[in-house]
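Undergrad: If it helps, the file is called input.txt and holds compact mmCIF, C-alpha atoms and all ligand atoms:
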# COMPACT_ATOMS: atom_id res chain seq x y z
CA MET J 1 -10.30 -16.36 15.14
CA THR J 2 -13.91 -16.35 14.01
CA SER J 3 -16.04 -13.37 13.06
CA ASP J 4 -18.06 -13.89 16.20
CA GLU J 5 -14.93 -13.88 18.31
CA SER J 6 -13.44 -10.66 17.03
CA THR J 7 -16.61 -8.62 17.16
CA ASN J 8 -17.81 -9.46 20.66
CA PRO J 9 -18.56 -6.15 22.33
CA PRO J 10 -17.00 -5.64 25.74
CA GLY J 11 -19.28 -6.54 28.59
CA ASP J 12 -20.74 -9.44 26.63
CA GLY J 13 -18.93 -11.92 28.86
CA PRO J 14 -15.51 -13.44 28.44
CA LYS J 15 -15.86 -15.66 25.35
CA ARG J 16 -12.49 -17.26 24.64
CA ARG J 17 -11.06 -16.95 21.17
CA ALA J 18 -9.95 -20.36 20.01
CA VAL J 19 -7.17 -19.16 17.72
CA ARG J 20 -4.70 -16.43 18.55
CA SER J 21 -2.15 -14.78 16.29
CA PHE J 22 0.69 -15.31 18.76
CA VAL J 23 2.32 -17.82 21.03
CA LEU J 24 3.92 -16.17 24.02
CA ARG J 25 7.67 -16.50 23.60
CA THR J 26 9.76 -17.49 26.58
CA GLY J 27 12.62 -14.97 26.06
CA ARG J 28 13.52 -13.29 29.32
CA ALA J 29 13.57 -9.56 29.78
CA THR J 30 16.96 -8.07 30.66
CA ALA J 31 17.37 -6.53 34.10
CA GLY J 32 16.94 -3.06 32.54
CA GLN J 33 13.75 -4.11 30.73
CA GLN J 34 12.36 -5.67 33.90
CA ARG J 35 13.07 -2.50 35.83
CA ALA J 36 11.47 -0.42 33.07
CA LEU J 37 8.35 -2.61 33.15
CA VAL J 38 7.94 -1.79 36.83
CA GLU J 39 9.23 1.76 37.11
CA LEU J 40 8.06 3.25 33.78
CA TRP J 41 4.72 1.46 33.52
CA PRO J 42 2.87 4.17 35.49
CA GLN J 43 4.15 6.76 32.99
CA TYR J 44 3.58 4.90 29.71
CA GLY J 45 1.53 1.78 30.40
CA ILE J 46 -2.19 1.24 30.19
CA ASP J 47 -3.59 -1.80 31.96
CA PHE J 48 -6.01 -3.90 29.97
CA SER J 49 -9.53 -4.03 31.32
CA ASN J 50 -12.67 -5.70 30.04
CA GLU J 51 -14.40 -2.32 29.96
CA PRO J 52 -14.47 -0.04 26.88
CA LEU J 53 -11.21 1.88 26.52
CA ASP J 54 -11.70 5.62 26.95
CA VAL J 55 -9.27 6.99 24.33
CA ASN J 56 -10.07 10.56 25.24
CA ARG J 57 -8.78 9.88 28.73
CA VAL J 58 -5.66 8.13 27.40
CA PHE J 59 -5.00 10.89 24.85
CA PRO J 60 -6.74 14.01 26.13
CA ARG J 61 -5.08 16.57 23.85
CA GLY J 62 -7.32 15.71 20.85
CA ALA J 63 -4.41 15.15 18.45
CA GLN J 64 -4.41 12.56 15.66
CA ARG J 65 -3.91 9.00 16.93
CA MET J 66 -1.89 6.08 15.65
CA ILE J 67 -1.94 2.47 16.84
CA GLU J 68 0.86 0.01 16.11
CA ILE J 69 -0.08 -3.63 16.52
CA GLY J 70 2.66 -6.13 17.44
CA PHE J 71 5.51 -3.60 17.66
CA GLY J 72 8.14 -6.19 18.65
CA ASN J 73 10.90 -4.23 20.38
CA GLY J 74 9.34 -0.93 19.31
CA GLU J 75 11.99 0.28 16.88
CA ALA J 76 9.50 1.55 14.27
CA LEU J 77 7.11 2.92 16.89
CA LEU J 78 9.85 4.91 18.65
CA GLU J 79 11.04 6.49 15.45
CA TYR J 80 7.49 7.29 14.32
CA ALA J 81 6.63 8.88 17.68
CA ARG J 82 9.85 10.91 17.66
CA ASP J 83 9.23 12.15 14.10
CA HIS J 84 5.51 12.84 14.68
CA ALA J 85 5.39 14.61 18.02
CA ASP J 86 1.98 16.00 17.00
CA ILE J 87 0.46 12.48 16.82
CA ASP J 88 -0.43 10.37 19.87
CA CYS J 89 0.72 6.75 19.56
CA LEU J 90 -0.56 3.58 21.21
CA GLY J 91 1.65 0.50 20.89
CA ILE J 92 0.18 -2.93 21.58
CA GLU J 93 2.44 -5.95 22.04
CA VAL J 94 2.13 -9.24 23.95
CA HIS J 95 5.86 -9.92 24.36
CA SER J 96 6.83 -8.21 27.62
CA PRO J 97 10.62 -7.98 26.98
CA GLY J 98 9.78 -6.00 23.82
CA VAL J 99 7.49 -3.77 25.86
CA GLY J 100 10.29 -3.24 28.40
CA HIS J 101 12.65 -2.33 25.56
CA LEU J 102 10.21 0.25 24.24
CA LEU J 103 9.67 1.76 27.70
CA LEU J 104 13.40 2.11 28.31
CA HIS J 105 14.04 3.80 24.99
CA SER J 106 10.96 6.05 25.25
CA GLN J 107 12.33 7.39 28.48
CA THR J 108 15.88 7.77 27.18
CA ALA J 109 14.58 9.73 24.19
CA SER J 110 12.19 11.76 26.40
CA ILE J 111 9.23 10.71 24.27
CA THR J 112 5.89 11.81 25.65
CA ASN J 113 3.44 10.85 22.88
CA ILE J 114 3.60 7.05 23.37
CA ARG J 115 1.34 4.85 25.48
CA VAL J 116 1.72 1.08 25.67
CA MET J 117 -0.49 -1.94 26.29
CA CYS J 118 0.87 -5.43 26.88
CA HIS J 119 -2.08 -7.48 25.70
CA ASP J 120 -3.68 -9.20 22.70
CA ALA J 121 -4.32 -6.36 20.23
CA VAL J 122 -7.56 -7.95 19.01
CA GLU J 123 -9.03 -7.70 22.49
CA VAL J 124 -7.81 -4.13 22.84
CA LEU J 125 -9.30 -3.06 19.50
CA GLN J 126 -12.64 -4.61 20.48
CA ARG J 127 -12.76 -2.15 23.37
CA LEU J 128 -12.06 0.99 21.34
CA PRO J 129 -14.82 3.35 20.22
CA ASP J 130 -15.91 3.59 16.58
CA ALA J 131 -13.94 5.97 14.34
CA SER J 132 -11.50 6.98 17.07
CA ILE J 133 -8.11 6.31 15.42
CA ASP J 134 -6.42 7.97 12.41
CA PHE J 135 -3.70 5.45 11.55
CA VAL J 136 -3.24 1.75 12.23
CA HIS J 137 0.16 0.13 11.55
CA ILE J 138 0.98 -3.54 11.44
CA PHE J 139 4.51 -4.23 10.30
CA PHE J 140 5.77 -7.76 9.74
CA PRO J 141 3.03 -9.64 11.60
CA ASP J 142 3.88 -13.27 12.28
CA PRO J 143 3.50 -14.96 8.87
CA TRP J 144 2.58 -18.40 10.19
CA HIS J 145 4.20 -20.13 7.23
CA LYS J 146 2.66 -23.57 7.50
CA LYS J 147 -0.69 -24.06 5.83
CA ARG J 148 -2.21 -25.58 8.93
CA HIS J 149 -1.26 -22.40 10.83
CA HIS J 150 -2.64 -19.91 8.30
CA LYS J 151 -5.74 -19.51 10.45
CA ARG J 152 -3.47 -17.85 13.04
CA ARG J 153 -2.59 -14.97 10.72
CA ILE J 154 -3.95 -11.83 12.30
CA VAL J 155 -5.02 -10.24 9.00
CA GLN J 156 -8.32 -12.00 8.32
CA PRO J 157 -11.74 -10.60 7.34
CA PRO J 158 -13.04 -10.25 10.95
CA PHE J 159 -9.85 -8.43 11.98
CA VAL J 160 -10.10 -6.11 8.97
CA SER J 161 -13.71 -5.29 9.94
CA LEU J 162 -12.53 -4.55 13.45
CA VAL J 163 -9.83 -2.18 12.17
CA ALA J 164 -12.38 -0.57 9.83
CA ARG J 165 -14.69 0.09 12.77
CA ILE J 166 -12.10 1.96 14.83
CA ILE J 167 -10.44 3.94 11.99
CA LYS J 168 -11.90 7.32 11.10
CA PRO J 169 -13.20 7.78 7.55
CA GLY J 170 -10.18 8.82 5.47
CA GLY J 171 -7.80 7.22 8.00
CA LEU J 172 -5.04 4.86 6.90
CA PHE J 173 -4.27 1.22 7.57
CA ARG J 174 -0.59 0.53 6.79
CA LEU J 175 0.82 -2.97 6.51
CA ALA J 176 4.16 -4.53 5.62
CA THR J 177 5.32 -8.12 5.34
CA ASP J 178 8.40 -9.92 4.10
CA TRP J 179 6.44 -13.03 3.16
CA GLU J 180 4.95 -12.86 -0.32
CA HIS J 181 2.26 -15.42 0.38
CA TYR J 182 1.06 -13.37 3.34
CA ALA J 183 1.20 -10.18 1.23
CA LEU J 184 -1.09 -11.80 -1.33
CA HIS J 185 -3.41 -12.93 1.45
CA MET J 186 -3.50 -9.40 2.92
CA ARG J 187 -4.30 -7.97 -0.51
CA GLU J 188 -7.04 -10.52 -1.06
CA VAL J 189 -8.70 -9.81 2.29
CA LEU J 190 -8.36 -6.01 2.10
CA ASP J 191 -9.22 -5.64 -1.58
CA ALA J 192 -12.43 -7.60 -0.87
CA SER J 193 -13.41 -5.20 1.91
CA SER J 194 -15.87 -2.47 0.93
CA GLU J 195 -14.59 -0.45 3.90
CA PHE J 196 -11.12 0.16 2.49
CA THR J 197 -9.64 1.32 -0.80
CA ASN J 198 -6.15 0.43 -1.87
CA VAL J 199 -4.09 3.65 -2.02
CA ALA J 200 -1.80 2.01 -4.59
CA GLY J 201 -4.74 1.30 -6.93
CA ASP J 202 -3.93 -1.29 -9.57
CA ARG J 203 -0.28 -1.35 -8.57
CA GLY J 204 -1.38 -3.11 -5.41
CA TYR J 205 1.63 -2.18 -3.28
CA VAL J 206 3.02 1.19 -2.25
CA ASP J 207 6.70 2.13 -2.12
CA ARG J 208 8.28 1.74 1.25
CA PRO J 209 6.85 4.67 3.28
CA GLN J 210 9.50 6.95 4.77
CA LEU J 211 7.78 6.69 8.12
CA ARG J 212 8.70 2.99 8.33
CA PRO J 213 12.35 2.76 9.39
CA LEU J 214 14.63 -0.07 8.39
CA THR J 215 14.52 -2.14 11.56
CA ARG J 216 16.93 -4.87 12.70
CA PHE J 217 14.21 -7.38 11.83
CA GLU J 218 13.97 -6.11 8.27
CA LYS J 219 17.74 -5.84 7.81
CA ARG J 220 18.03 -9.48 8.76
CA GLY J 221 15.35 -10.27 6.16
CA HIS J 222 17.35 -8.41 3.53
CA ARG J 223 20.43 -10.45 4.42
CA LEU J 224 18.36 -13.61 3.95
CA GLY J 225 17.22 -12.34 0.55
CA HIS J 226 13.59 -11.67 1.56
CA GLY J 227 11.52 -9.11 -0.34
CA VAL J 228 9.24 -6.62 1.44
CA TRP J 229 5.70 -5.70 0.45
CA ASP J 230 4.16 -2.46 1.76
CA MET J 231 0.43 -1.81 1.59
CA GLU J 232 -1.67 1.23 2.44
CA TYR J 233 -5.47 1.20 2.62
CA ARG J 234 -7.71 4.21 3.15
CA ARG J 235 -10.89 3.89 5.20
CA THR J 236 -13.73 4.78 2.86
C1 LIG L 301 7.30 -10.96 13.56
S1 LIG L 301 7.15 -9.90 14.92
C2 LIG L 301 7.38 -8.29 14.19
C3 LIG L 301 7.66 -7.25 15.21
C4 LIG L 301 7.79 -5.81 14.70
N1 LIG L 301 6.56 -5.33 14.12
C5 LIG L 301 8.94 -5.65 13.72
O1 LIG L 301 8.69 -5.26 12.58
O2 LIG L 301 10.08 -5.91 14.12
C6 LIG L 301 5.39 -9.91 15.26
C7 LIG L 301 5.06 -9.37 16.64
O3 LIG L 301 3.66 -9.31 16.80
C8 LIG L 301 3.33 -9.66 18.13
N2 LIG L 301 1.92 -10.09 18.12
C9 LIG L 301 1.39 -11.10 17.42
N3 LIG L 301 0.06 -11.17 17.59
C10 LIG L 301 -0.25 -10.15 18.45
C11 LIG L 301 -1.47 -9.70 19.03
N4 LIG L 301 -2.64 -10.32 18.75
N5 LIG L 301 -1.44 -8.66 19.86
C12 LIG L 301 -0.26 -8.02 20.15
N6 LIG L 301 0.93 -8.41 19.64
C13 LIG L 301 0.93 -9.46 18.79
C14 LIG L 301 4.34 -10.73 18.48
O4 LIG L 301 4.52 -10.86 19.87
C15 LIG L 301 5.59 -10.22 17.78
O5 LIG L 301 6.36 -9.42 18.62
Take the structure from the file and write it as structure tokens.
TA:
Amino acid sequence: MTSDESTNPPGDGPKRRAVRSFVLRTGRATAGQQRALVELWPQYGIDFSNEPLDVNRVFPRGAQRMIEIGFGNGEALLEYARDHADIDCLGIEVHSPGVGHLLLHSQTASITNIRVMCHDAVEVLQRLPDASIDFVHIFFPDPWHKKRHHKRRIVQPPFVSLVARIIKPGGLFRLATDWEHYALHMREVLDASSEFTNVAGDRGYVDRPQLRPLTRFEKRGHRLGHGVWDMEYRRT
């Protein structure tokens, strides 16, 4: 992604981003997930459009708002929404079986403070108003291990500027990764931004926040001996 690509305002014409942070996986949705994608979409889903996204229409009650980018199967998002009924949550994920999984479980748990978009989060964020979100979460984004793929990592200076634009002053950007090289890269990019301050100060990393549950993905990482690095940045 280039700085030009991630800051195009909506309505400026469809300029294609050359590099995306994901490759659409081929995994099939289960029958239940497929049914959820059809039947529960009207209740939870928001269709992507090229127009600016009217957050006040999506979340009319004026509560605090959280966005989770790349929620996978939604384990962390579901738990956060359940534990923070006073916060409105928007999950953005490109992998439709994961979206179906989240929809199914949102309904089972009678969760009402989640909305979902199945689209590239960068393009969604570009359509959000300035200073409209209180918390942005990105947990275990694809690390793109190989050097030639590092440009695909979503956390890059243009993306950080985009997040800074939509977060309210004082709002929090929370990140976690199980790949030390990516953690160092995130620190480098965010510490260099004048729009964020590192909540952990010189320590660099925060302790695992209670709001981030131990997901299946992370448990598997533990079994493989991976470490986990949590970061929290406050919008200045
Ligand atoms: C390694 S997985 C982690 C999933 C989840 N956060 C977890 O902790 O289990 C990264 C996820 O980010 C999604 N993703 C990557 N780039 C994205 C983008 N630009 N917009 C939306 N989702 C994205 C992928 O589809 C994938 O599900």
Undergrad: Give as a list of chain:residue names the residues surrounding ligand LIG 301 (chain L) up to a distance of 7 Å, considering all atoms listed in the file.
TA: J:Arg20, J:Ser21, J:Phe22, J:Leu24, J:Ile69, J:Gly70, J:Phe71, J:Gly72, J:Asn73, J:Gly74, J:Ile92, J:Glu93, J:Val94, J:His95, J:His119, J:Asp120, J:Ala121, J:Val122, J:Ile138, J:Phe139, J:Phe140, J:Pro141, J:Asp142, J:Ile154, J:Thr215, J:Phe217, J:Glu218
Undergrad: Near Gly204 of chain J, within 12 Å and counting only C-alpha atoms, which residues show up once chain neighbours fewer than 6 positions away are dropped, as a PyMOL selection string?
TA: chain J and resi 183-184+186-188+190-191+197-198+229-233
Undergrad: Considering only C-alpha atoms, return as a PyMOL selection string whatever protein or nucleic-acid residues lie within 8 Å of Val228 of chain J, sequence-local ones (same chain, fewer than 2 positions apart) excluded.
TA: chain J and resi 176-180+226+230
Undergrad: Which residue, J:His84, J:Arg148, J:Arg234, J:Arg115, has the smallest gap to Ser193 of chain J when you use all atoms listed in the file?
TA: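 For Ser193 of chain J, the nearest of the candidates is J:Arg234.
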Undergrad: Residues near Pro169 of chain J, anyone? I mean within 6 Å using all atoms listed in the file, not counting same-chain ones fewer than 2 positions away, as a list in words.
TA: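 Non-adjacent residues within range: Gly171, Arg235 and Thr236 of chain J.
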Undergrad: So that all listed atoms of segment 60-69 of chain J fit with 3 Å spare on each side, what axis-aligned box centre and edge lengths in Å, to one decimal, would you give as lines of an AutoDock Vina configuration file?
TA:
center_x = -3.2
center_y = 6.5
center_z = 20.9
size_x = 14.2
size_y = 26.2
size_z = 16.5
Undergrad: So the first atom is atom CA of Leu53 of chain J and the second is atom CA of Trp41 of chain J; what is the distance between them in Å, to one decimal place?
TA: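 Separating atom CA of Leu53 of chain J from atom CA of Trp41 of chain J is a distance of 17.4 Å.
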Undergrad: Rank J:Phe173, J:Arg152, J:Glu39, J:Phe159 by their smallest atom-to-atom distance to Gln107 of chain J, using all atoms listed in the file, and report the top residue only.
TA: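 Ranking J:Phe173, J:Arg152, J:Glu39, J:Phe159 by distance to Gln107 of chain J, first place goes to J:Glu39.
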Undergrad: For atom CA of Val155 of chain J and atom CA of Lys219 of chain J, determine how far apart the two atoms are, in Å to one decimal place.
TA: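 For atom CA of Val155 of chain J relative to atom CA of Lys219 of chain J, the distance reads 23.2 Å.
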Undergrad: Got a sec: who's within 12 Å of segment 56-64 of chain J, counting only C-alpha atoms, leaving out chain neighbours fewer than 6 positions off, as a ChimeraX atom specification?
TA: /J:43-47,81,84-90,112-117,128-129,131-136,167-168,171-172
Undergrad: Using all atoms listed in the file, which protein or nucleic acid residues come within 12 Å of Glu75 of chain J? Drop anything in the same chain fewer than 6 positions from it, and give the result as a ChimeraX atom specification.
TA: /J:68,81-82,91,98-99,101-106,139,211-218
Undergrad: Can those selected residues be exported to a file as a CSV table (one decimal), in the frame of the given file so that it contains C-alpha atoms?
TA:
chain,number,residue,atom,x,y,z
J,68,GLU,CA,0.9,0.0,16.1
J,81,ALA,CA,6.6,8.9,17.7
J,82,ARG,CA,9.8,10.9,17.7
J,91,GLY,CA,1.6,0.5,20.9
J,98,GLY,CA,9.8,-6.0,23.8
J,99,VAL,CA,7.5,-3.8,25.9
J,101,HIS,CA,12.6,-2.3,25.6
J,102,LEU,CA,10.2,0.2,24.2
J,103,LEU,CA,9.7,1.8,27.7
J,104,LEU,CA,13.4,2.1,28.3
J,105,HIS,CA,14.0,3.8,25.0
J,106,SER,CA,11.0,6.0,25.2
J,139,PHE,CA,4.5,-4.2,10.3
J,211,LEU,CA,7.8,6.7,8.1
J,212,ARG,CA,8.7,3.0,8.3
J,213,PRO,CA,12.4,2.8,9.4
J,214,LEU,CA,14.6,-0.1,8.4
J,215,THR,CA,14.5,-2.1,11.6
J,216,ARG,CA,16.9,-4.9,12.7
J,217,PHE,CA,14.2,-7.4,11.8
J,218,GLU,CA,14.0,-6.1,8.3
Undergrad: Counting all atoms listed in the file, which of J:Leu162, J:Ile111, J:Ala29, J:Leu78 gets nearest to Glu123 of chain J?
TA: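 Counting all atoms listed in the file, the residue closest to Glu123 of chain J is J:Leu162.
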Undergrad: For atom CA of Pro97 of chain J and atom CA of Thr26 of chain J, quote the distance in Å rounded to one decimal.
TA: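 Rounded to one decimal, the two atoms are 9.6 Å apart.
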Undergrad: Mind completing segment 160-184 of chain J with N, CA, C and O atoms? Output as a PDB file, keeping the file's coordinate frame, please?
TA:
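Final output, saved to part.pdb:
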ATOM      1  N   VAL J 160     -10.024  -7.283   9.847  1.00  0.00           N
ATOM      2  CA  VAL J 160     -10.100  -6.110   8.970  1.00  0.00           C
ATOM      3  C   VAL J 160     -11.373  -5.310   9.286  1.00  0.00           C
ATOM      4  O   VAL J 160     -11.360  -4.081   9.331  1.00  0.00           O
ATOM      5  N   SER J 161     -12.472  -6.000   9.560  1.00  0.00           N
ATOM      6  CA  SER J 161     -13.710  -5.290   9.940  1.00  0.00           C
ATOM      7  C   SER J 161     -13.525  -4.541  11.254  1.00  0.00           C
ATOM      8  O   SER J 161     -14.039  -3.431  11.434  1.00  0.00           O
ATOM      9  N   LEU J 162     -12.787  -5.174  12.156  1.00  0.00           N
ATOM     10  CA  LEU J 162     -12.530  -4.550  13.450  1.00  0.00           C
ATOM     11  C   LEU J 162     -11.703  -3.273  13.266  1.00  0.00           C
ATOM     12  O   LEU J 162     -12.000  -2.223  13.848  1.00  0.00           O
ATOM     13  N   VAL J 163     -10.665  -3.353  12.442  1.00  0.00           N
ATOM     14  CA  VAL J 163      -9.830  -2.180  12.170  1.00  0.00           C
ATOM     15  C   VAL J 163     -10.680  -1.107  11.482  1.00  0.00           C
ATOM     16  O   VAL J 163     -10.602   0.080  11.819  1.00  0.00           O
ATOM     17  N   ALA J 164     -11.530  -1.536  10.550  1.00  0.00           N
ATOM     18  CA  ALA J 164     -12.380  -0.570   9.830  1.00  0.00           C
ATOM     19  C   ALA J 164     -13.309   0.160  10.804  1.00  0.00           C
ATOM     20  O   ALA J 164     -13.567   1.354  10.644  1.00  0.00           O
ATOM     21  N   ARG J 165     -13.768  -0.538  11.815  1.00  0.00           N
ATOM     22  CA  ARG J 165     -14.690   0.090  12.770  1.00  0.00           C
ATOM     23  C   ARG J 165     -13.999   1.198  13.577  1.00  0.00           C
ATOM     24  O   ARG J 165     -14.581   2.254  13.812  1.00  0.00           O
ATOM     25  N   ILE J 166     -12.739   0.976  13.941  1.00  0.00           N
ATOM     26  CA  ILE J 166     -12.100   1.960  14.830  1.00  0.00           C
ATOM     27  C   ILE J 166     -11.412   3.105  14.062  1.00  0.00           C
ATOM     28  O   ILE J 166     -11.139   4.142  14.626  1.00  0.00           O
ATOM     29  N   ILE J 167     -11.115   2.875  12.765  1.00  0.00           N
ATOM     30  CA  ILE J 167     -10.440   3.940  11.990  1.00  0.00           C
ATOM     31  C   ILE J 167     -11.464   4.976  11.539  1.00  0.00           C
ATOM     32  O   ILE J 167     -12.580   4.631  11.138  1.00  0.00           O
ATOM     33  N   LYS J 168     -11.023   6.242  11.575  1.00  0.00           N
ATOM     34  CA  LYS J 168     -11.900   7.320  11.100  1.00  0.00           C
ATOM     35  C   LYS J 168     -12.012   7.246   9.579  1.00  0.00           C
ATOM     36  O   LYS J 168     -11.049   6.819   8.916  1.00  0.00           O
ATOM     37  N   PRO J 169     -13.122   7.711   9.012  1.00  0.00           N
ATOM     38  CA  PRO J 169     -13.200   7.780   7.550  1.00  0.00           C
ATOM     39  C   PRO J 169     -12.017   8.618   7.040  1.00  0.00           C
ATOM     40  O   PRO J 169     -11.705   9.661   7.616  1.00  0.00           O
ATOM     41  N   GLY J 170     -11.353   8.119   6.009  1.00  0.00           N
ATOM     42  CA  GLY J 170     -10.180   8.820   5.470  1.00  0.00           C
ATOM     43  C   GLY J 170      -8.882   8.397   6.158  1.00  0.00           C
ATOM     44  O   GLY J 170      -7.794   8.717   5.684  1.00  0.00           O
ATOM     45  N   GLY J 171      -8.991   7.685   7.281  1.00  0.00           N
ATOM     46  CA  GLY J 171      -7.800   7.220   8.000  1.00  0.00           C
ATOM     47  C   GLY J 171      -7.084   6.119   7.239  1.00  0.00           C
ATOM     48  O   GLY J 171      -7.624   5.559   6.275  1.00  0.00           O
ATOM     49  N   LEU J 172      -5.862   5.799   7.667  1.00  0.00           N
ATOM     50  CA  LEU J 172      -5.040   4.860   6.900  1.00  0.00           C
ATOM     51  C   LEU J 172      -4.661   3.621   7.700  1.00  0.00           C
ATOM     52  O   LEU J 172      -4.316   3.709   8.889  1.00  0.00           O
ATOM     53  N   PHE J 173      -4.707   2.502   7.019  1.00  0.00           N
ATOM     54  CA  PHE J 173      -4.270   1.220   7.570  1.00  0.00           C
ATOM     55  C   PHE J 173      -3.017   0.836   6.785  1.00  0.00           C
ATOM     56  O   PHE J 173      -3.082   0.632   5.571  1.00  0.00           O
ATOM     57  N   ARG J 174      -1.859   0.807   7.478  1.00  0.00           N
ATOM     58  CA  ARG J 174      -0.590   0.530   6.790  1.00  0.00           C
ATOM     59  C   ARG J 174      -0.072  -0.838   7.211  1.00  0.00           C
ATOM     60  O   ARG J 174      -0.035  -1.156   8.411  1.00  0.00           O
ATOM     61  N   LEU J 175       0.340  -1.618   6.231  1.00  0.00           N
ATOM     62  CA  LEU J 175       0.820  -2.970   6.510  1.00  0.00           C
ATOM     63  C   LEU J 175       2.121  -3.224   5.754  1.00  0.00           C
ATOM     64  O   LEU J 175       2.335  -2.659   4.672  1.00  0.00           O
ATOM     65  N   ALA J 176       2.956  -4.083   6.339  1.00  0.00           N
ATOM     66  CA  ALA J 176       4.160  -4.530   5.620  1.00  0.00           C
ATOM     67  C   ALA J 176       4.424  -5.977   6.006  1.00  0.00           C
ATOM     68  O   ALA J 176       4.163  -6.392   7.148  1.00  0.00           O
ATOM     69  N   THR J 177       4.917  -6.738   5.042  1.00  0.00           N
ATOM     70  CA  THR J 177       5.320  -8.120   5.340  1.00  0.00           C
ATOM     71  C   THR J 177       6.495  -8.489   4.443  1.00  0.00           C
ATOM     72  O   THR J 177       6.674  -7.918   3.371  1.00  0.00           O
ATOM     73  N   ASP J 178       7.287  -9.444   4.924  1.00  0.00           N
ATOM     74  CA  ASP J 178       8.400  -9.920   4.100  1.00  0.00           C
ATOM     75  C   ASP J 178       8.101 -11.327   3.578  1.00  0.00           C
ATOM     76  O   ASP J 178       9.014 -12.041   3.196  1.00  0.00           O
ATOM     77  N   TRP J 179       6.831 -11.687   3.595  1.00  0.00           N
ATOM     78  CA  TRP J 179       6.440 -13.030   3.160  1.00  0.00           C
ATOM     79  C   TRP J 179       5.411 -12.869   2.040  1.00  0.00           C
ATOM     80  O   TRP J 179       4.289 -12.452   2.304  1.00  0.00           O
ATOM     81  N   GLU J 180       5.813 -13.181   0.833  1.00  0.00           N
ATOM     82  CA  GLU J 180       4.950 -12.860  -0.320  1.00  0.00           C
ATOM     83  C   GLU J 180       3.575 -13.510  -0.216  1.00  0.00           C
ATOM     84  O   GLU J 180       2.556 -12.892  -0.550  1.00  0.00           O
ATOM     85  N   HIS J 181       3.545 -14.721   0.272  1.00  0.00           N
ATOM     86  CA  HIS J 181       2.260 -15.420   0.380  1.00  0.00           C
ATOM     87  C   HIS J 181       1.311 -14.669   1.310  1.00  0.00           C
ATOM     88  O   HIS J 181       0.103 -14.559   1.057  1.00  0.00           O
ATOM     89  N   TYR J 182       1.883 -14.124   2.394  1.00  0.00           N
ATOM     90  CA  TYR J 182       1.060 -13.370   3.340  1.00  0.00           C
ATOM     91  C   TYR J 182       0.630 -12.035   2.696  1.00  0.00           C
ATOM     92  O   TYR J 182      -0.490 -11.562   2.874  1.00  0.00           O
ATOM     93  N   ALA J 183       1.541 -11.432   1.918  1.00  0.00           N
ATOM     94  CA  ALA J 183       1.200 -10.180   1.230  1.00  0.00           C
ATOM     95  C   ALA J 183      -0.007 -10.410   0.314  1.00  0.00           C
ATOM     96  O   ALA J 183      -0.953  -9.610   0.290  1.00  0.00           O
ATOM     97  N   LEU J 184       0.019 -11.507  -0.413  1.00  0.00           N
ATOM     98  CA  LEU J 184      -1.090 -11.800  -1.330  1.00  0.00           C
ATOM     99  C   LEU J 184      -2.379 -12.024  -0.537  1.00  0.00           C
ATOM    100  O   LEU J 184      -3.463 -11.578  -0.940  1.00  0.00           O
TER     101      LEU J 184
END
